[in-house]
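Colleague: Here you go, one structure.
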Amino acid sequence: MVETKDAEPRFEFDRDTWVEPGPEGGFRAAVSPGWNIGPNPNGGYLASVALAALARSVPHPDPLAVTAHYAGRVSPGPVVVDVDVLRAGRGLSTAVARLVQEGEARVQVTAAFGDLSAHEGPTVVTGERPSFPPPEACVPVDPSIPGVPEIMRRLDMRLTPESAGFAIGHPRGVAAMEGWVRFADGREPDTSSLVVAADAFPPTVLNLMQTPWVPTIELTVHVRARPAPGWLQCAFRTRYLIDGDLEEDGELWDSSGRLVALSRQLARVRA
């Protein structure tokens with residue numbers, strides 16, 4: 001296990017995902033209510049807490065593939081993070097973390113880590129960066145409006161006018177959500193923060209129907225590059241809503257126009 005002794009984190013995301021070695025192995029953490037959606041912590045944020053413990057347990061710096069399963073609700077407060085390193089190889093490490101609260105495993109995160117700075121090989125890209133207005137021409141999410149989730153106080157998010165229609169009673173009729181995001185306190189994006197960015201936007205289904213809650217069942221994020229400083233440009237789509245379950249596919253592009261992450265999650269529409 002690789003352990004580091006870092007200075008007090010400067011930014012809110014780093015403070016709220018901070019883990020410390022536990023007395024009986026594993027790690028201890030405190031889930032912050034600052035990343036809540038209603039009474040529940042955001043799924044991407046919970047996965048990031050687990051990811052912080054995994055990052056301190058393997059020798060490679062970048063999460064390449066992250067998959068989180070949400071077996072139960074986590075409440076703000078203390079959690080134990082149990083870590084199992086399955087393999088720490090020369091170029092790739094794989095490990096599993098479980099967020100345990102009140103003696104029960106509530107979230108399980110499996111991740112493969114590597115070093116993106118050392119990656120090289122054939123490149124063929126047939127997808128295109130989404131085209132929509134720049135941040136200054138998009139609709140800012142105002143965290144002071146009643147009902148806006150607490151997580152939005154941590155983020156500076158700008159939705160395209162079409163995506164923001166659901167908030168004023170004019171949903172676009174297409175299960176899509178597009179816009180820009182960055183941390184409100186000035187923290188720049190890195191590979192450790194792409195998971196929370198991939199799960200921070202309003203659910204795509206809000207542009208189809210009203211629903212109070214769309215809990216995530218499973219979230220997977222593939223990290224493709226280290227992001228440049230600045231805004232992340234994000235686009236999410238749902239093609240299939242069947243019996244209340246939907247998939248949401250996402251693309252995250254950095255300020256230099258490079259694809260930095262792909263995401264997919266399975267979520268459920270709650271009445």
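Naming scheme: A, B, ... for chains in displayed order of the structure tokens; residues 1 onward per chain; ligands 1 onward as shown.
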Just want the 12 Å neighbourhood of Gly22 in chain A, counted on only C-alpha atoms, with same-chain residues fewer than 2 positions away dropped. Output as a list in words.
Modeller: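 Here the qualifying residues turn out to be Glu3, Val19, Glu20, Glu24, Gly25, Gly26, Phe27, Arg28, Ala29, Ala53, Pro78, Val79, Val80, Val81, Asp82 and Val83 of chain A.
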Colleague: Can you list every residue of range 45-133 of chain A that has an atom at most 12 Å from range 161-177 of chain A, with its nearest atom pair and the distance in Å to one decimal, using only C-alpha atoms, ordered by chain then number, as JSON lines?
Modeller:
{"residue": "A:Pro130", "atom": "CA", "partner": "A:Met177", "partner_atom": "CA", "distance": 11.7}
{"residue": "A:Phe132", "atom": "CA", "partner": "A:Pro161", "partner_atom": "CA", "distance": 9.6}
{"residue": "A:Pro133", "atom": "CA", "partner": "A:Pro161", "partner_atom": "CA", "distance": 8.9}
Colleague: Which is closest to Pro143 in chain A among A:Gly114, A:Ile37, A:Pro189, A:His60, if we use only C-alpha atoms?
Modeller: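 Under the stated criterion, the closest residue is A:Ile37.
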Colleague: Could you name the residues that touch range 215-226 of chain A at 8 Å or less, counting only C-alpha atoms, but leaving out those on the same chain fewer than 5 positions away, as an mmCIF file with N, CA and C atoms, in the first residue's frame?
Modeller:
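Generated file (part27.cif):
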data_model
loop_
_atom_site.group_PDB
_atom_site.id
_atom_site.type_symbol
_atom_site.label_atom_id
_atom_site.label_comp_id
_atom_site.auth_asym_id
_atom_site.auth_seq_id
_atom_site.Cartn_x
_atom_site.Cartn_y
_atom_site.Cartn_z
ATOM 1 N N GLY A 43 -24.061 10.604 -6.323
ATOM 2 C CA GLY A 43 -23.372 9.337 -6.561
ATOM 3 C C GLY A 43 -21.948 9.503 -7.049
ATOM 4 N N GLY A 44 -21.707 10.494 -7.911
ATOM 5 C CA GLY A 44 -20.350 10.735 -8.386
ATOM 6 C C GLY A 44 -19.439 11.190 -7.264
ATOM 7 N N PRO A 63 -6.891 7.322 -12.544
ATOM 8 C CA PRO A 63 -7.951 6.335 -12.745
ATOM 9 C C PRO A 63 -8.313 6.262 -14.219
ATOM 10 N N LEU A 64 -8.303 5.063 -14.771
ATOM 11 C CA LEU A 64 -8.603 4.887 -16.194
ATOM 12 C C LEU A 64 -10.039 4.421 -16.417
ATOM 13 N N ALA A 65 -10.496 3.503 -15.583
ATOM 14 C CA ALA A 65 -11.857 2.978 -15.682
ATOM 15 C C ALA A 65 -12.398 2.843 -14.267
ATOM 16 N N VAL A 66 -13.535 3.469 -14.019
ATOM 17 C CA VAL A 66 -14.134 3.494 -12.683
ATOM 18 C C VAL A 66 -15.579 3.032 -12.799
ATOM 19 N N THR A 67 -15.957 2.046 -12.000
ATOM 20 C CA THR A 67 -17.336 1.558 -11.984
ATOM 21 C C THR A 67 -17.841 1.530 -10.555
ATOM 22 N N ALA A 68 -18.966 2.197 -10.322
ATOM 23 C CA ALA A 68 -19.559 2.258 -8.987
ATOM 24 C C ALA A 68 -20.936 1.615 -9.001
ATOM 25 N N HIS A 69 -21.197 0.771 -7.995
ATOM 26 C CA HIS A 69 -22.521 0.208 -7.768
ATOM 27 C C HIS A 69 -23.047 0.722 -6.426
ATOM 28 N N TYR A 70 -24.297 1.136 -6.434
ATOM 29 C CA TYR A 70 -24.903 1.758 -5.258
ATOM 30 C C TYR A 70 -25.896 0.783 -4.640
ATOM 31 N N ALA A 71 -25.428 0.086 -3.611
ATOM 32 C CA ALA A 71 -26.248 -0.956 -2.993
ATOM 33 C C ALA A 71 -27.199 -0.407 -1.949
ATOM 34 N N LEU A 116 -1.445 8.085 -17.523
ATOM 35 C CA LEU A 116 -1.826 8.582 -18.846
ATOM 36 C C LEU A 116 -0.679 9.283 -19.558
ATOM 37 N N ASP A 190 -8.999 17.623 -12.874
ATOM 38 C CA ASP A 190 -7.956 16.624 -13.071
ATOM 39 C C ASP A 190 -8.638 15.273 -13.196
ATOM 40 N N THR A 191 -7.858 14.227 -13.359
ATOM 41 C CA THR A 191 -8.476 12.918 -13.579
ATOM 42 C C THR A 191 -9.265 12.447 -12.363
ATOM 43 N N LEU A 194 -13.038 13.931 -12.537
ATOM 44 C CA LEU A 194 -13.915 13.722 -13.686
ATOM 45 C C LEU A 194 -15.131 12.873 -13.344
ATOM 46 N N VAL A 195 -15.021 12.016 -12.322
ATOM 47 C CA VAL A 195 -16.166 11.173 -11.961
ATOM 48 C C VAL A 195 -17.304 12.014 -11.401
ATOM 49 N N ALA A 198 -18.978 13.901 -14.186
ATOM 50 C CA ALA A 198 -19.803 13.050 -15.052
ATOM 51 C C ALA A 198 -21.179 12.775 -14.459
ATOM 52 N N ARG A 258 -10.250 18.591 -26.243
ATOM 53 C CA ARG A 258 -9.870 17.181 -26.200
ATOM 54 C C ARG A 258 -10.879 16.389 -25.392
ATOM 55 N N LEU A 259 -11.258 15.215 -25.892
ATOM 56 C CA LEU A 259 -12.125 14.319 -25.129
ATOM 57 C C LEU A 259 -11.337 13.789 -23.936
ATOM 58 N N VAL A 260 -11.867 14.000 -22.716
ATOM 59 C CA VAL A 260 -11.145 13.558 -21.516
ATOM 60 C C VAL A 260 -11.855 12.432 -20.778
ATOM 61 N N ALA A 261 -13.149 12.236 -21.021
ATOM 62 C CA ALA A 261 -13.847 11.144 -20.340
ATOM 63 C C ALA A 261 -15.138 10.795 -21.061
ATOM 64 N N LEU A 262 -15.506 9.529 -20.952
ATOM 65 C CA LEU A 262 -16.803 9.024 -21.397
ATOM 66 C C LEU A 262 -17.487 8.404 -20.187
ATOM 67 N N SER A 263 -18.795 8.548 -20.113
ATOM 68 C CA SER A 263 -19.514 7.978 -18.971
ATOM 69 C C SER A 263 -20.774 7.269 -19.432
ATOM 70 N N ARG A 264 -21.201 6.318 -18.632
ATOM 71 C CA ARG A 264 -22.505 5.691 -18.822
ATOM 72 C C ARG A 264 -23.028 5.313 -17.445
ATOM 73 N N GLN A 265 -24.308 5.554 -17.244
ATOM 74 C CA GLN A 265 -24.908 5.107 -16.003
ATOM 75 C C GLN A 265 -26.284 4.526 -16.249
ATOM 76 N N LEU A 266 -26.660 3.615 -15.350
ATOM 77 C CA LEU A 266 -28.015 3.078 -15.317
ATOM 78 C C LEU A 266 -28.704 3.731 -14.132
ATOM 79 N N ALA A 267 -29.861 4.334 -14.385
ATOM 80 C CA ALA A 267 -30.579 5.046 -13.335
ATOM 81 C C ALA A 267 -32.059 4.683 -13.401
ATOM 82 N N ARG A 268 -32.755 5.029 -12.364
ATOM 83 C CA ARG A 268 -34.174 4.658 -12.246
ATOM 84 C C ARG A 268 -35.017 5.895 -11.954
ATOM 85 N N VAL A 269 -36.105 6.045 -12.694
ATOM 86 C CA VAL A 269 -37.031 7.138 -12.470
ATOM 87 C C VAL A 269 -37.931 6.802 -11.297
ATOM 88 N N ARG A 270 -37.919 7.649 -10.265
ATOM 89 C CA ARG A 270 -38.772 7.450 -9.098
ATOM 90 C C ARG A 270 -39.993 8.350 -9.195
#
Colleague: Using only C-alpha atoms, determine which residues lie at most 8 Å from range 85-98 of chain A, disregarding the query and same-chain residues fewer than 6 positions distant; provide the list as a PyMOL selection string.
Modeller: chain A and resi 50-51+53-54+57-60+105-115
Colleague: Please, what distance in Å, to one decimal, runs between CA of Phe236 in chain A and CA of Glu178 in chain A?
Modeller: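 So the answer is 6.2 Å.
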Colleague: Determine the nearest neighbour of Pro39 in chain A from the options A:Phe183, A:Tyr240, A:Trp231, A:Trp213, counting only C-alpha atoms.
Modeller: A:Trp213
Colleague: Figure out the distance between CA of Trp35 in chain A and CA of Pro21 in chain A, please, to one decimal in Å.
Modeller: 22.9 Å
Colleague: Rank nothing, just name the residue among A:Gly72, A:Pro41, A:Pro23, A:Pro33 nearest to Val196 in chain A, using only C-alpha atoms.
Modeller: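 Closest to Val196 in chain A, using only C-alpha atoms: A:Pro41.
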Colleague: For the alpha helix (DSSP H) assignment from backbone DSSP, which residues of range 48-247 of chain A qualify? Please present them as a list in words.
Modeller: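 Filtering range 48-247 of chain A to alpha helix (DSSP H) leaves Ser48, Val49, Ala50, Leu51, Ala52, Ala53, Leu54, Ala55, Leu194, Val195, Val196, Ala197 and Ala198 of chain A.
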Colleague: Using only C-alpha atoms, which of the listed residues (A:Pro212, A:Pro134, A:Gly147, A:Pro202) sits closest to Trp180 in chain A?
Modeller: A:Pro134
Colleague: Based on DSSP run over this structure's backbone, return all residues of range 136-223 of chain A in strand (DSSP E or B), as a list in words.
Modeller: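 Answer for range 136-223 of chain A, restricted to strand (DSSP E or B): Val139, Pro140, Leu155, Asp156, Met157, Arg158, Leu159, Ala176, Met177, Glu178, Gly179, Trp180, Val181, Arg182, Phe183, Trp213, Thr216, Ile217, Glu218, Leu219, Thr220, Val221, His222 and Val223 of chain A.
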Colleague: Could you write out the selected residues, including C-alpha atoms, as a PDB file, in the first residue's frame?
Modeller:
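After the write, result-v6.pdb holds the following:
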ATOM      1  CA  VAL A 139     -27.898  29.634 -18.558  1.00  0.00           C
ATOM      2  CA  PRO A 140     -26.154  29.666 -15.157  1.00  0.00           C
ATOM      3  CA  LEU A 155     -20.110  24.046  -8.928  1.00  0.00           C
ATOM      4  CA  ASP A 156     -20.338  26.748 -11.554  1.00  0.00           C
ATOM      5  CA  MET A 157     -22.668  25.146 -14.110  1.00  0.00           C
ATOM      6  CA  ARG A 158     -24.038  26.658 -17.304  1.00  0.00           C
ATOM      7  CA  LEU A 159     -26.744  24.801 -19.234  1.00  0.00           C
ATOM      8  CA  ALA A 176     -30.561  15.326 -23.350  1.00  0.00           C
ATOM      9  CA  MET A 177     -28.579  17.679 -21.128  1.00  0.00           C
ATOM     10  CA  GLU A 178     -25.689  19.858 -22.303  1.00  0.00           C
ATOM     11  CA  GLY A 179     -23.553  22.572 -20.830  1.00  0.00           C
ATOM     12  CA  TRP A 180     -20.370  23.604 -19.064  1.00  0.00           C
ATOM     13  CA  VAL A 181     -19.085  22.982 -15.555  1.00  0.00           C
ATOM     14  CA  ARG A 182     -16.182  23.923 -13.319  1.00  0.00           C
ATOM     15  CA  PHE A 183     -15.620  24.078  -9.577  1.00  0.00           C
ATOM     16  CA  TRP A 213     -35.491  11.780  -8.024  1.00  0.00           C
ATOM     17  CA  THR A 216     -28.099   5.953  -9.965  1.00  0.00           C
ATOM     18  CA  ILE A 217     -27.869   2.159  -9.899  1.00  0.00           C
ATOM     19  CA  GLU A 218     -24.490   1.897 -11.628  1.00  0.00           C
ATOM     20  CA  LEU A 219     -22.041   4.502 -12.916  1.00  0.00           C
ATOM     21  CA  THR A 220     -19.028   3.872 -15.159  1.00  0.00           C
ATOM     22  CA  VAL A 221     -16.485   6.505 -16.218  1.00  0.00           C
ATOM     23  CA  HIS A 222     -13.654   5.920 -18.702  1.00  0.00           C
ATOM     24  CA  VAL A 223     -10.915   8.528 -18.348  1.00  0.00           C
TER      25      VAL A 223
END
